[in-house]
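Enquirer: Input: one structure, supplied below.
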Amino acid sequence: MFGLPADWSLEVPERYFTLESYDGGVARWCPGCGDFAVLSAVQRICRDEQIPPEKLAMISGIGCSSRFPHYMHAYGFHGLHGRALPVACGVKARRPDLHVWVTTGDGDCCSIGAGHWLHAARYNMDMVVMVFDNSIYGLTKKQTSPTTPLGVGTNTHPDGAFLPPLDVAQTTLGFPNVSFVARTVDWNPLHLAATLEAAYRHKGTSFVHILQRCPTYTPNVFDELRQNPDHTLLLTHPDGVAADEAVRRMYKNQLEHDPSDYGGAHRLADRREKLAIGLLYRNPSAPRLDSFSIRGLDLTREQRTAALERELDRFAV
Amino acid sequence: MTPTTTAPTPAGARTRTSVGERIVEIVSDSGEGAQKAGQTFGTVCAKLGNGVWTVEIIPAEIKPPARSRAGASGIRVRFASREVTNRGERADLVVAFNEQVLYGRIDSGAYGPGTVVLLESKWAEDPQEEIRALYAEALADLRRLGLEVFELPMERACLEVVPDARVGKNMFVVGMLCEIFGRDLDKALEEVATVFRRKGEKVVASNQELLRRGAAFAAEQVPFAWEVPAHAIEGERLVMNGNQALGLGILAAGIETVAMYPITPATSVSHYLGRALPAVGGFLHQAEDEIAAIGFAIGASWAGKTAATITSGPGLALKTEFLGLAVMAEVPLVLIDVQRGGPSTGLPTKVEQGDLLAALYGATGDAPKIVIAPATIEECFHFVVLARRLAEEFRGPVVVLTDANLATGVAPIPRPKLDPTWFAPPLDQGPWPEGVAPYDWDLATGLSPRAIPGQRGGEYVLTGLAHTRNAKVAYDPRSNQEGCEMRSRKLAALATTLVPPVPHGADSGELLVVGWGSTLGAIEEAVDDLRREGRSVASLHLRFLSPLEPGLAEIFARFEKVMTVEINYSDAPDLPGIGPENRRRAQLALLLRERLLVDVDCWSAVRGQPFGPGEIAEAVRARLGAASSDRRGAA
Ligand SMILES: Cc1ncc(C[n+]2csc(CCOP(=O)(O)OP(=O)(O)O)c2C)c(N)n1
Ligand code: SF4
Ligand SMILES: [Mg+2]
């Protein structure tokens, strides 16, 4: 009819993505592992934001949590232990069209990859960095990590670590040019999703410290927090993580914290009294290395050739 | 003054002696502009059609104290009627602004009997007695060693033109050299105008005046004159060092992302790219360390953007794990290693060819990768272009090995005619063909097409774990075997496209010298000299180290003996306790013995200096003697 091809109706200009569009197969974490919750939350955000799967770059290091990309239908890069961030920066540097999500563990990020952690924060390229903090080395079977609390016995320190742990969010806040630090917990899916959503929306490197349950090796580390919500302090603010009514009902301790308040963020990040969850700090105007690294992407081949000839001219005798 | 065998024409007569080549050095305390003088003179020679090789003489310390023995800063210019491919050996002529810096150069073998020295004479009248004494003592030492010294009041002559001789001496020296070598002064004046153009007319005029005075001064005071005939050259030429050639190669290859961490002697590539890469639309990333640098490049490459990382020895060591990942996950990558002395921090500014085996075998497990080595400055340019294409076609890392000798040597090369196919093809963002696996290995070649993020339908997860052709993690016994076979097969496939190398000098004979990398010029010069002596010697230079070029067994079979010459460590065969079983051999020799089951001998040294043709010839003579006596013994 009207000379249109018979399959005209199949040429739908719009694609609609469902949760299945991002499904990369059965995830193989231990039953009860907190990683599942994060996977669901990320898939939901991708669906809500309608990100084409081919535009997703899911990048990770090595560890249980770093298996994450395998369970997404997307482009994934499951690289080396501790080295997800340099790879992610290399991807983002010249591909501003890709949505970069980094998965890294407490060992991956805060131990072997600690140098990159600091520098990626400083580069502040547009990406979400999810730090899965289960307070242990999971994949290698229960060794002390930099976040293992005192008193928790591991295979390398059966009587517990010698030194107190570092806190992921608090440490990240200390890095120069850091632009987004939030904290959430895997056992509160609503808050987890809202936090990741805020991270995704932020233009810059968004660090999300996720307390993640490892029923296999650190089954009890979060007991107190989970059994008694009073140990948690929910941060609220119109510029912060959107706290659902249901979430607000869960926590009696709440504080309106302006995420532009850097000093306040430092104080709140300290876990000695309460675990603050929500957006600790955000600076939307921190300079981004990717705003420099994309320069020149628009040059045509002719312009590049002409520039190259000029370069050769400089050496002419 | 004792006459020497190479005595220049005696004073008064001043006829111009024609010679095939000359090696000139200008040495001073640092900051006296000797390097600029040498470069200017070298450029004049190159423009006239001489072959030229210049190399800077750099003191170990950034600012050594004045008049210190090890503080020589300066430049060597070797120029000839033919092409020059290396720095040569002893200098013929030295212009020295003080006598102390000569000691260090003598220690490193740069000067010897017959070297003519034009020495600044003001120190003889220095107000400090100690300096006068040192000067007199040095003068006696130099003459005792057979150097021919002419004391000249160069600085005084400069002061007639400029108030501070330190800033004028260098162009004065260029004028002297132009006169000594009969160079057209107009050409030199033009060059001075170019060099100082940006500093304004006054500076140009005063430097031109210094040049003229220098020429007049030499005509009066220097009792000899040489000529190194030049041949007019066809086509445009560019003058650059090997690192600049690498940088230009990166631009010409269309490599748009370069990630690095500063390390001598590779850094100057990045110094060049810091300005030039953005000019052609690319990005230079100075990463937080070498691991991050290669990770960044791999990330960019995985995302479809051509990428390179540049380093030297210690940096290569740090990059090893990522290099293995690039092999395993088949990510195209150009890794340039400008080799320096090792192991560990080693000799940062000095040449060595010690990273061959690290490049080939440094990674754990089986990590087959392409390794190539340019032998000339011109090849530094073209091999980067080649490396980019190989990396993409063979889907993996390509290591380009150069060294400090190529990095610092400056020579004219023909201007490359840019070819549109050198640029990386534009990013493919079309849909990925349905049913094609992410590692759709061709069983005959191991090659497979690559999906780039953004290509709809091509989604896959790259992993450094053993994986199937579907990029699925697999621990079963068959998958890892297959993956390894496929990656190895790519090298075999590449080897079938290569042509056998051609020996230099002769097709058969008593001894074949095999080399790789920057030693090409010195080896071939040595072979030419040895053949003139009537020795049955030839040489073969390898550019591909992995895979090796084909046909080597057949070439080696035509020679009685094969020996590599390499700048890396090997036990000399006559050292105490060393025998054929425990002798540790040079790196290429090891590789060739393993591949070809030929008794490949080696001669190598790690003195941190490039080989001159003379010492190579000497080593060959020594081995030939031994070889002949061996044969007699066996008969
Ligand atoms: C260079 C290197 N060193 C060590 C390892 C072994 N390794 C794998 S995962 C891991 C720790 C993982 O802990 P974490 O990052 O906290 O991730 P989790 O498994 O807890 O999610 C280690 C030490 C490795 N793969 N590579
Ligand atoms: S070991 Fe712990 S972190 Fe790893 S998959 Fe099991 S529960 Fe999750
Ligand atoms: Mg962990």
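Numbering starts fresh at 1 for the residues of each chain in the structure tokens, the chains themselves are lettered A, B, ... in the order given, and ligands are numbered from 1 as they appear.
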Taking only C-alpha atoms and all ligand atoms into account, which residues are within 9 Å of ligand 3, as a list in words?
Expert: Gly63, Cys64, Ser65, Thr104, Gly105, Asp106, Gly107, Asp108, Val131, Phe132, Asp133, Asn134, Ser135, Ile136, Tyr137, Gly138, Leu139, Lys142, Ser145, Thr147, Gln212 and Cys214 of chain A
Enquirer: Residues of chain A no more than 7 Å from chain B, counting only C-alpha atoms: send them over as a VMD selection string.
Expert: chain A and resid 54 to 55 69 to 70 73 to 79 86 to 91 94 119 293 295 to 297 299 304 307 to 308 315 to 317
Enquirer: Please dump the current selection as a PDB file, in the first residue's frame; keep N, CA and C atoms.
Expert:
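Ended up saving to selection_30.pdb:
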ATOM      1  N   GLU A  54      23.351  -0.651  24.445  1.00  0.00           N
ATOM      2  CA  GLU A  54      24.645  -0.522  23.760  1.00  0.00           C
ATOM      3  C   GLU A  54      25.387   0.751  24.173  1.00  0.00           C
ATOM      4  N   LYS A  55      24.691   1.634  24.882  1.00  0.00           N
ATOM      5  CA  LYS A  55      25.353   2.869  25.327  1.00  0.00           C
ATOM      6  C   LYS A  55      25.847   2.759  26.766  1.00  0.00           C
ATOM      7  N   PRO A  69      29.248  -6.695  35.832  1.00  0.00           N
ATOM      8  CA  PRO A  69      28.978  -6.500  34.401  1.00  0.00           C
ATOM      9  C   PRO A  69      28.463  -7.761  33.708  1.00  0.00           C
ATOM     10  N   HIS A  70      28.887  -8.927  34.184  1.00  0.00           N
ATOM     11  CA  HIS A  70      28.457 -10.170  33.531  1.00  0.00           C
ATOM     12  C   HIS A  70      26.956 -10.375  33.636  1.00  0.00           C
ATOM     13  N   HIS A  73      22.911  -6.958  30.613  1.00  0.00           N
ATOM     14  CA  HIS A  73      23.003  -6.962  29.165  1.00  0.00           C
ATOM     15  C   HIS A  73      23.434  -5.553  28.765  1.00  0.00           C
ATOM     16  N   ALA A  74      24.709  -5.430  28.436  1.00  0.00           N
ATOM     17  CA  ALA A  74      25.309  -4.118  28.178  1.00  0.00           C
ATOM     18  C   ALA A  74      26.724  -4.396  27.699  1.00  0.00           C
ATOM     19  N   TYR A  75      27.459  -3.363  27.322  1.00  0.00           N
ATOM     20  CA  TYR A  75      28.890  -3.548  27.111  1.00  0.00           C
ATOM     21  C   TYR A  75      29.540  -3.552  28.485  1.00  0.00           C
ATOM     22  N   GLY A  76      30.416  -4.531  28.718  1.00  0.00           N
ATOM     23  CA  GLY A  76      31.038  -4.644  30.028  1.00  0.00           C
ATOM     24  C   GLY A  76      32.530  -4.853  29.926  1.00  0.00           C
ATOM     25  N   PHE A  77      33.222  -4.461  30.963  1.00  0.00           N
ATOM     26  CA  PHE A  77      34.677  -4.614  31.001  1.00  0.00           C
ATOM     27  C   PHE A  77      35.050  -5.101  32.388  1.00  0.00           C
ATOM     28  N   HIS A  78      35.318  -6.385  32.498  1.00  0.00           N
ATOM     29  CA  HIS A  78      35.676  -7.025  33.765  1.00  0.00           C
ATOM     30  C   HIS A  78      37.185  -7.215  33.728  1.00  0.00           C
ATOM     31  N   GLY A  79      37.898  -6.207  34.234  1.00  0.00           N
ATOM     32  CA  GLY A  79      39.336  -6.134  33.965  1.00  0.00           C
ATOM     33  C   GLY A  79      40.245  -6.720  35.012  1.00  0.00           C
ATOM     34  N   PRO A  86      41.003   3.516  36.129  1.00  0.00           N
ATOM     35  CA  PRO A  86      41.727   4.015  34.954  1.00  0.00           C
ATOM     36  C   PRO A  86      41.067   3.599  33.648  1.00  0.00           C
ATOM     37  N   VAL A  87      40.555   2.379  33.589  1.00  0.00           N
ATOM     38  CA  VAL A  87      39.882   1.922  32.366  1.00  0.00           C
ATOM     39  C   VAL A  87      38.644   2.787  32.121  1.00  0.00           C
ATOM     40  N   ALA A  88      37.871   3.008  33.176  1.00  0.00           N
ATOM     41  CA  ALA A  88      36.651   3.809  33.036  1.00  0.00           C
ATOM     42  C   ALA A  88      36.981   5.221  32.556  1.00  0.00           C
ATOM     43  N   CYS A  89      38.054   5.791  33.093  1.00  0.00           N
ATOM     44  CA  CYS A  89      38.446   7.144  32.675  1.00  0.00           C
ATOM     45  C   CYS A  89      38.854   7.146  31.199  1.00  0.00           C
ATOM     46  N   GLY A  90      39.563   6.093  30.774  1.00  0.00           N
ATOM     47  CA  GLY A  90      39.964   5.993  29.363  1.00  0.00           C
ATOM     48  C   GLY A  90      38.750   5.893  28.452  1.00  0.00           C
ATOM     49  N   VAL A  91      37.730   5.180  28.910  1.00  0.00           N
ATOM     50  CA  VAL A  91      36.507   5.050  28.107  1.00  0.00           C
ATOM     51  C   VAL A  91      35.817   6.408  27.997  1.00  0.00           C
ATOM     52  N   ARG A  94      37.057   9.903  25.728  1.00  0.00           N
ATOM     53  CA  ARG A  94      36.756  10.226  24.333  1.00  0.00           C
ATOM     54  C   ARG A  94      35.391   9.708  23.884  1.00  0.00           C
ATOM     55  N   HIS A 119      42.803   9.581  42.436  1.00  0.00           N
ATOM     56  CA  HIS A 119      42.969  10.358  41.206  1.00  0.00           C
ATOM     57  C   HIS A 119      41.697  10.394  40.370  1.00  0.00           C
ATOM     58  N   SER A 293      39.192  16.518  27.867  1.00  0.00           N
ATOM     59  CA  SER A 293      39.659  15.396  27.045  1.00  0.00           C
ATOM     60  C   SER A 293      38.850  15.216  25.771  1.00  0.00           C
ATOM     61  N   ARG A 295      38.042  17.561  23.786  1.00  0.00           N
ATOM     62  CA  ARG A 295      38.388  18.590  22.805  1.00  0.00           C
ATOM     63  C   ARG A 295      38.960  17.952  21.545  1.00  0.00           C
ATOM     64  N   GLY A 296      38.548  18.462  20.448  1.00  0.00           N
ATOM     65  CA  GLY A 296      39.103  17.978  19.181  1.00  0.00           C
ATOM     66  C   GLY A 296      38.320  16.834  18.571  1.00  0.00           C
ATOM     67  N   LEU A 297      37.359  16.290  19.313  1.00  0.00           N
ATOM     68  CA  LEU A 297      36.567  15.181  18.756  1.00  0.00           C
ATOM     69  C   LEU A 297      35.815  15.607  17.505  1.00  0.00           C
ATOM     70  N   LEU A 299      36.912  17.569  15.141  1.00  0.00           N
ATOM     71  CA  LEU A 299      37.727  17.893  13.958  1.00  0.00           C
ATOM     72  C   LEU A 299      37.430  16.908  12.831  1.00  0.00           C
ATOM     73  N   ARG A 304      42.269  17.443  10.441  1.00  0.00           N
ATOM     74  CA  ARG A 304      43.356  16.727  11.111  1.00  0.00           C
ATOM     75  C   ARG A 304      44.543  16.556  10.175  1.00  0.00           C
ATOM     76  N   ALA A 307      46.346  19.831   9.921  1.00  0.00           N
ATOM     77  CA  ALA A 307      47.120  20.092  11.134  1.00  0.00           C
ATOM     78  C   ALA A 307      48.386  19.235  11.145  1.00  0.00           C
ATOM     79  N   LEU A 308      48.269  18.021  10.664  1.00  0.00           N
ATOM     80  CA  LEU A 308      49.417  17.126  10.615  1.00  0.00           C
ATOM     81  C   LEU A 308      50.477  17.645   9.639  1.00  0.00           C
ATOM     82  N   PHE A 315      59.344  20.678  11.185  1.00  0.00           N
ATOM     83  CA  PHE A 315      60.637  19.991  11.183  1.00  0.00           C
ATOM     84  C   PHE A 315      61.377  20.143   9.861  1.00  0.00           C
ATOM     85  N   ALA A 316      60.770  20.892   8.933  1.00  0.00           N
ATOM     86  CA  ALA A 316      61.381  21.013   7.613  1.00  0.00           C
ATOM     87  C   ALA A 316      62.658  21.833   7.694  1.00  0.00           C
ATOM     88  N   VAL A 317      63.659  21.466   6.898  1.00  0.00           N
ATOM     89  CA  VAL A 317      64.887  22.277   6.840  1.00  0.00           C
ATOM     90  C   VAL A 317      65.008  22.907   5.456  1.00  0.00           C
TER      91      VAL A 317
END
Enquirer: Could you write out, as a PDB file with N, CA and C atoms, in the first residue's frame, all the residues of segment 48-134 of chain A that DSSP marks as helix (DSSP H, G or I)?
Expert:
ATOM      1  N   ASP A  48      14.273   3.097  33.806  1.00  0.00           N
ATOM      2  CA  ASP A  48      13.594   4.378  34.012  1.00  0.00           C
ATOM      3  C   ASP A  48      14.184   5.468  33.125  1.00  0.00           C
ATOM      4  N   GLU A  49      15.489   5.431  32.980  1.00  0.00           N
ATOM      5  CA  GLU A  49      16.145   6.463  32.168  1.00  0.00           C
ATOM      6  C   GLU A  49      16.154   6.089  30.695  1.00  0.00           C
ATOM      7  N   PRO A  53      20.964  -0.267  25.852  1.00  0.00           N
ATOM      8  CA  PRO A  53      22.002  -1.137  26.416  1.00  0.00           C
ATOM      9  C   PRO A  53      23.356  -0.965  25.750  1.00  0.00           C
ATOM     10  N   GLU A  54      23.351  -0.651  24.445  1.00  0.00           N
ATOM     11  CA  GLU A  54      24.645  -0.522  23.760  1.00  0.00           C
ATOM     12  C   GLU A  54      25.387   0.751  24.173  1.00  0.00           C
ATOM     13  N   LYS A  55      24.691   1.634  24.882  1.00  0.00           N
ATOM     14  CA  LYS A  55      25.353   2.869  25.327  1.00  0.00           C
ATOM     15  C   LYS A  55      25.847   2.759  26.766  1.00  0.00           C
ATOM     16  N   SER A  65      31.921  -8.667  43.791  1.00  0.00           N
ATOM     17  CA  SER A  65      31.117  -7.560  43.291  1.00  0.00           C
ATOM     18  C   SER A  65      31.482  -7.213  41.849  1.00  0.00           C
ATOM     19  N   SER A  66      32.727  -7.408  41.501  1.00  0.00           N
ATOM     20  CA  SER A  66      33.168  -7.024  40.163  1.00  0.00           C
ATOM     21  C   SER A  66      32.643  -7.952  39.072  1.00  0.00           C
ATOM     22  N   ARG A  67      31.939  -9.021  39.486  1.00  0.00           N
ATOM     23  CA  ARG A  67      31.252  -9.852  38.493  1.00  0.00           C
ATOM     24  C   ARG A  67      30.048  -9.131  37.893  1.00  0.00           C
ATOM     25  N   PHE A  68      29.694  -8.034  38.506  1.00  0.00           N
ATOM     26  CA  PHE A  68      28.504  -7.258  38.148  1.00  0.00           C
ATOM     27  C   PHE A  68      28.260  -7.143  36.627  1.00  0.00           C
ATOM     28  N   PRO A  69      29.248  -6.695  35.832  1.00  0.00           N
ATOM     29  CA  PRO A  69      28.978  -6.500  34.401  1.00  0.00           C
ATOM     30  C   PRO A  69      28.463  -7.761  33.708  1.00  0.00           C
ATOM     31  N   HIS A  70      28.887  -8.927  34.184  1.00  0.00           N
ATOM     32  CA  HIS A  70      28.457 -10.170  33.531  1.00  0.00           C
ATOM     33  C   HIS A  70      26.956 -10.375  33.636  1.00  0.00           C
ATOM     34  N   TYR A  71      26.340  -9.749  34.617  1.00  0.00           N
ATOM     35  CA  TYR A  71      24.918 -10.002  34.842  1.00  0.00           C
ATOM     36  C   TYR A  71      24.035  -8.920  34.254  1.00  0.00           C
ATOM     37  N   ALA A  84      39.768  -0.777  37.793  1.00  0.00           N
ATOM     38  CA  ALA A  84      38.571  -0.408  37.037  1.00  0.00           C
ATOM     39  C   ALA A  84      38.579   1.083  36.693  1.00  0.00           C
ATOM     40  N   LEU A  85      39.030   1.908  37.639  1.00  0.00           N
ATOM     41  CA  LEU A  85      38.884   3.358  37.443  1.00  0.00           C
ATOM     42  C   LEU A  85      39.717   3.900  36.276  1.00  0.00           C
ATOM     43  N   PRO A  86      41.003   3.516  36.129  1.00  0.00           N
ATOM     44  CA  PRO A  86      41.727   4.015  34.954  1.00  0.00           C
ATOM     45  C   PRO A  86      41.067   3.599  33.648  1.00  0.00           C
ATOM     46  N   VAL A  87      40.555   2.379  33.589  1.00  0.00           N
ATOM     47  CA  VAL A  87      39.882   1.922  32.366  1.00  0.00           C
ATOM     48  C   VAL A  87      38.644   2.787  32.121  1.00  0.00           C
ATOM     49  N   ALA A  88      37.871   3.008  33.176  1.00  0.00           N
ATOM     50  CA  ALA A  88      36.651   3.809  33.036  1.00  0.00           C
ATOM     51  C   ALA A  88      36.981   5.221  32.556  1.00  0.00           C
ATOM     52  N   CYS A  89      38.054   5.791  33.093  1.00  0.00           N
ATOM     53  CA  CYS A  89      38.446   7.144  32.675  1.00  0.00           C
ATOM     54  C   CYS A  89      38.854   7.146  31.199  1.00  0.00           C
ATOM     55  N   GLY A  90      39.563   6.093  30.774  1.00  0.00           N
ATOM     56  CA  GLY A  90      39.964   5.993  29.363  1.00  0.00           C
ATOM     57  C   GLY A  90      38.750   5.893  28.452  1.00  0.00           C
ATOM     58  N   VAL A  91      37.730   5.180  28.910  1.00  0.00           N
ATOM     59  CA  VAL A  91      36.507   5.050  28.107  1.00  0.00           C
ATOM     60  C   VAL A  91      35.817   6.408  27.997  1.00  0.00           C
ATOM     61  N   LYS A  92      35.664   7.056  29.155  1.00  0.00           N
ATOM     62  CA  LYS A  92      34.889   8.300  29.187  1.00  0.00           C
ATOM     63  C   LYS A  92      35.616   9.448  28.491  1.00  0.00           C
ATOM     64  N   ALA A  93      36.949   9.385  28.493  1.00  0.00           N
ATOM     65  CA  ALA A  93      37.724  10.509  27.975  1.00  0.00           C
ATOM     66  C   ALA A  93      37.301  10.919  26.567  1.00  0.00           C
ATOM     67  N   ARG A  94      37.057   9.903  25.728  1.00  0.00           N
ATOM     68  CA  ARG A  94      36.756  10.226  24.333  1.00  0.00           C
ATOM     69  C   ARG A  94      35.391   9.708  23.884  1.00  0.00           C
ATOM     70  N   ASP A 106      35.600  -3.164  48.324  1.00  0.00           N
ATOM     71  CA  ASP A 106      36.383  -2.423  49.318  1.00  0.00           C
ATOM     72  C   ASP A 106      37.868  -2.746  49.186  1.00  0.00           C
ATOM     73  N   GLY A 107      38.193  -3.983  48.789  1.00  0.00           N
ATOM     74  CA  GLY A 107      39.597  -4.316  48.547  1.00  0.00           C
ATOM     75  C   GLY A 107      40.055  -3.731  47.231  1.00  0.00           C
ATOM     76  N   ASP A 108      39.236  -3.892  46.218  1.00  0.00           N
ATOM     77  CA  ASP A 108      39.536  -3.435  44.867  1.00  0.00           C
ATOM     78  C   ASP A 108      39.807  -1.930  44.843  1.00  0.00           C
ATOM     79  N   CYS A 109      38.931  -1.184  45.506  1.00  0.00           N
ATOM     80  CA  CYS A 109      39.016   0.282  45.463  1.00  0.00           C
ATOM     81  C   CYS A 109      39.985   0.834  46.508  1.00  0.00           C
ATOM     82  N   CYS A 110      39.853   0.351  47.746  1.00  0.00           N
ATOM     83  CA  CYS A 110      40.526   1.040  48.850  1.00  0.00           C
ATOM     84  C   CYS A 110      41.884   0.431  49.194  1.00  0.00           C
ATOM     85  N   SER A 111      42.200  -0.721  48.605  1.00  0.00           N
ATOM     86  CA  SER A 111      43.508  -1.292  48.886  1.00  0.00           C
ATOM     87  C   SER A 111      44.357  -1.265  47.624  1.00  0.00           C
ATOM     88  N   ILE A 112      44.190  -2.262  46.772  1.00  0.00           N
ATOM     89  CA  ILE A 112      45.085  -2.347  45.598  1.00  0.00           C
ATOM     90  C   ILE A 112      44.867  -1.182  44.643  1.00  0.00           C
ATOM     91  N   ALA A 114      43.902   1.922  45.475  1.00  0.00           N
ATOM     92  CA  ALA A 114      43.714   3.158  46.230  1.00  0.00           C
ATOM     93  C   ALA A 114      44.260   4.386  45.504  1.00  0.00           C
ATOM     94  N   GLY A 115      45.370   4.223  44.796  1.00  0.00           N
ATOM     95  CA  GLY A 115      45.931   5.381  44.079  1.00  0.00           C
ATOM     96  C   GLY A 115      44.958   5.893  43.040  1.00  0.00           C
ATOM     97  N   HIS A 116      44.332   4.962  42.332  1.00  0.00           N
ATOM     98  CA  HIS A 116      43.396   5.369  41.277  1.00  0.00           C
ATOM     99  C   HIS A 116      42.127   5.984  41.866  1.00  0.00           C
ATOM    100  N   TRP A 117      41.766   5.498  43.034  1.00  0.00           N
ATOM    101  CA  TRP A 117      40.581   6.010  43.750  1.00  0.00           C
ATOM    102  C   TRP A 117      40.721   7.518  43.931  1.00  0.00           C
ATOM    103  N   LEU A 118      41.858   7.917  44.506  1.00  0.00           N
ATOM    104  CA  LEU A 118      42.110   9.337  44.745  1.00  0.00           C
ATOM    105  C   LEU A 118      42.098  10.112  43.427  1.00  0.00           C
ATOM    106  N   HIS A 119      42.803   9.581  42.436  1.00  0.00           N
ATOM    107  CA  HIS A 119      42.969  10.358  41.206  1.00  0.00           C
ATOM    108  C   HIS A 119      41.697  10.394  40.370  1.00  0.00           C
ATOM    109  N   ALA A 120      40.924   9.319  40.401  1.00  0.00           N
ATOM    110  CA  ALA A 120      39.655   9.344  39.654  1.00  0.00           C
ATOM    111  C   ALA A 120      38.728  10.389  40.266  1.00  0.00           C
ATOM    112  N   ALA A 121      38.766  10.495  41.597  1.00  0.00           N
ATOM    113  CA  ALA A 121      37.950  11.523  42.253  1.00  0.00           C
ATOM    114  C   ALA A 121      38.381  12.901  41.760  1.00  0.00           C
ATOM    115  N   ARG A 122      39.677  13.056  41.645  1.00  0.00           N
ATOM    116  CA  ARG A 122      40.206  14.338  41.218  1.00  0.00           C
ATOM    117  C   ARG A 122      39.881  14.628  39.744  1.00  0.00           C
ATOM    118  N   TYR A 123      39.977  13.607  38.896  1.00  0.00           N
ATOM    119  CA  TYR A 123      39.662  13.805  37.465  1.00  0.00           C
ATOM    120  C   TYR A 123      38.186  14.175  37.299  1.00  0.00           C
TER     121      TYR A 123
END
Enquirer: Atom CA of Gln254 of chain A and atom CA of Val42 of chain A are how many Å apart?
Expert: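 Pair atom CA of Gln254 of chain A / atom CA of Val42 of chain A returns 25.6 Å.
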Enquirer: Need the shell around segment 268-271 of chain A: protein/DNA/RNA residues with any atom at most 8 Å away, counting only C-alpha atoms. Skip same-chain ones fewer than 3 positions apart. Format as a ChimeraX atom specification?
Expert: /A:167,169-170,264-265,274-276,280
Enquirer: If you run DSSP on the backbone here, which positions in segment 172-381 of chain B get strand (DSSP E or B)? Please write them as a PyMOL selection string.
Expert: chain B and resi 225-227+237-241+257-260+283-286+307-311+333-339+341+347+370-372
Enquirer: Neighbouring residues of Gly365 of chain B were defined as those with any atom within 10 Å, considering only C-alpha atoms; residues of the same chain fewer than 5 positions away were excluded. Please report them as a compact mmCIF listing (two decimals) with C-alpha atoms, in the first residue's frame.
Expert:
# COMPACT_ATOMS: atom_id res chain seq x y z
CA GLY B 324 48.51 -9.54 29.61
CA MET B 328 43.85 -12.16 26.75
CA CYS B 484 45.31 -19.85 23.73
